Amino acid sequence: MRLRRQTAKGREYELSPQEARYLRLLIGEFPITPGVTPPISRIDSGHAVEERQRLLDEALAEQRLELKRRATLWLAGEQLKFEGEHWRLKVNLEEREWLLKLLNHSRLGCWHALGKPEDMEQPPQIHSAYGKELVYHTFMQLAGYFEAELLREEDGPA
Amino acid sequence: MPKTLEPETLPGTSTEQETRSKGELAPSYYVICWNDPVNLMVYVTHVFMKVFGWNREKAQKHMLEVHEQGKSVLIREGAEKAEHYVHQLQEYQLHATMEPAG
């Protein structure tokens, strides 16, 4: 994935066919795992906190639906288009934000599903009959890869 | 990001911003971001810049505080604003909480 053009309104990337396939897979499979909502407070308690937690849970559930809606539209659109040997990805600033949220939702969800490992480079322990852990591990790594690429120009060269 | 450090107490560090006026009785809250090993450092910096409108330097300072000390107090606000920021941060899947400022 290579940044090809950058303007004040958005960015244009060049993707290999493999990268394009994986990005479409990540977006198409969203949500890969159920959402994870951490507590709104670690030490505070009481009715007000319970109410705040309920509102947070609702807001995050709504956000998941909105991300799914955007993902469906994105897949039907032409933001990712084949051009000769490569794929061209166009994202404006607003699209980049929801893409980052979607990718990180998948990354965090897979990390939780794997039991929150400290070392994410290690291959996962396979416990399920169909090796679902390998899928989670792969999706987690892929989501991180695309997040880093979408933010690369902000962080400078790798 | 390194291992998650479980908090034992509320941070006693000074906050970046205090919007309450003296004598105001409404309780205030710290918005805290906790460390985890999964969110990318560049991503955390980006989120702080977006949510708080901070420049890169300030966002990176807080990101490194999360990374090295296990948590960072991002801001001190009244309940409504603190809740708003926690929602924003959690929509990006950062582990953020609001804790009473005492």
# chains A, B, ... in the order shown; residues from 1 in each chain; ligands from 1

call {"tool": "interface_residues", "arguments": {"of": "chain A", "to": "chain B", "cutoff": "10 Å", "atoms": "only C-alpha atoms", "output": "ChimeraX atom specification"}}
result
/A:35-45,49,52-53,55-57,59-61,63-64,97-98,100-109,111-112,116-120,140,144-145,147-148,150-152,154-155

call {"tool": "select_by_dssp", "arguments": {"residues": "range 26-148 of chain A", "states": "helix (DSSP H, G or I)", "output": "PyMOL selection string"}}
result
chain A and resi 26-28+47-76+93-113+132-148

call {"tool": "residues_around", "arguments": {"residues": "Lys90 in chain A", "least_positions_apart": "5", "cutoff": "6 Å", "atoms": "only C-alpha atoms", "output": "list in words"}}
result
Arg11, Glu12 and Gln79 of chain A

call {"tool": "residues_around", "arguments": {"residues": "Tyr13 in chain A", "least_positions_apart": "4", "cutoff": "10 Å", "atoms": "only C-alpha atoms", "output": "PDB file with N, CA and C atoms, in the first residue's frame"}}
result
ATOM      1  N   MET A   1       0.865  -1.181   0.000  1.00  0.00           N
ATOM      2  CA  MET A   1       0.000   0.000   0.000  1.00  0.00           C
ATOM      3  C   MET A   1       0.900   1.228   0.000  1.00  0.00           C
ATOM      4  N   ARG A   2       0.665   2.104  -0.950  1.00  0.00           N
ATOM      5  CA  ARG A   2       1.560   3.249  -1.120  1.00  0.00           C
ATOM      6  C   ARG A   2       0.728   4.520  -1.297  1.00  0.00           C
ATOM      7  N   LEU A   3       1.112   5.541  -0.544  1.00  0.00           N
ATOM      8  CA  LEU A   3       0.423   6.823  -0.695  1.00  0.00           C
ATOM      9  C   LEU A   3       0.834   7.443  -2.027  1.00  0.00           C
ATOM     10  N   ARG A   4      -0.150   7.705  -2.871  1.00  0.00           N
ATOM     11  CA  ARG A   4       0.161   8.216  -4.207  1.00  0.00           C
ATOM     12  C   ARG A   4      -0.061   9.717  -4.303  1.00  0.00           C
ATOM     13  N   ARG A   5      -1.075  10.190  -3.611  1.00  0.00           N
ATOM     14  CA  ARG A   5      -1.409  11.610  -3.699  1.00  0.00           C
ATOM     15  C   ARG A   5      -2.058  12.047  -2.395  1.00  0.00           C
ATOM     16  N   GLN A   6      -1.772  13.266  -2.001  1.00  0.00           N
ATOM     17  CA  GLN A   6      -2.358  13.784  -0.770  1.00  0.00           C
ATOM     18  C   GLN A   6      -2.758  15.233  -0.985  1.00  0.00           C
ATOM     19  N   LEU A  80     -12.543   2.021  -4.027  1.00  0.00           N
ATOM     20  CA  LEU A  80     -11.461   1.079  -4.323  1.00  0.00           C
ATOM     21  C   LEU A  80     -11.699   0.554  -5.734  1.00  0.00           C
ATOM     22  N   HIS A  86      -2.735  -2.244 -10.589  1.00  0.00           N
ATOM     23  CA  HIS A  86      -2.943  -1.946  -9.179  1.00  0.00           C
ATOM     24  C   HIS A  86      -4.383  -1.554  -8.889  1.00  0.00           C
ATOM     25  N   TRP A  87      -4.647  -1.441  -7.610  1.00  0.00           N
ATOM     26  CA  TRP A  87      -5.940  -0.918  -7.156  1.00  0.00           C
ATOM     27  C   TRP A  87      -5.712   0.464  -6.591  1.00  0.00           C
ATOM     28  N   ARG A  88      -6.667   1.347  -6.851  1.00  0.00           N
ATOM     29  CA  ARG A  88      -6.568   2.705  -6.334  1.00  0.00           C
ATOM     30  C   ARG A  88      -7.624   2.895  -5.244  1.00  0.00           C
ATOM     31  N   LEU A  89      -7.144   3.352  -4.104  1.00  0.00           N
ATOM     32  CA  LEU A  89      -8.054   3.622  -2.982  1.00  0.00           C
ATOM     33  C   LEU A  89      -8.101   5.117  -2.754  1.00  0.00           C
ATOM     34  N   LYS A  90      -9.312   5.671  -2.829  1.00  0.00           N
ATOM     35  CA  LYS A  90      -9.501   7.101  -2.551  1.00  0.00           C
ATOM     36  C   LYS A  90     -10.236   7.251  -1.236  1.00  0.00           C
ATOM     37  N   VAL A  91      -9.685   8.041  -0.339  1.00  0.00           N
ATOM     38  CA  VAL A  91     -10.385   8.301   0.930  1.00  0.00           C
ATOM     39  C   VAL A  91     -10.326   9.785   1.246  1.00  0.00           C
ATOM     40  N   GLU A 149      -0.900   1.981   7.719  1.00  0.00           N
ATOM     41  CA  GLU A 149      -0.723   2.555   6.383  1.00  0.00           C
ATOM     42  C   GLU A 149      -1.577   3.815   6.200  1.00  0.00           C
ATOM     43  N   LEU A 150      -2.793   3.786   6.717  1.00  0.00           N
ATOM     44  CA  LEU A 150      -3.665   4.967   6.585  1.00  0.00           C
ATOM     45  C   LEU A 150      -3.113   6.159   7.364  1.00  0.00           C
TER      46      LEU A 150
END

call {"tool": "atom_distance", "arguments": {"atom1": "CA of Glu19 in chain A", "atom2": "CA of Leu142 in chain A"}}
result
9.3 Å
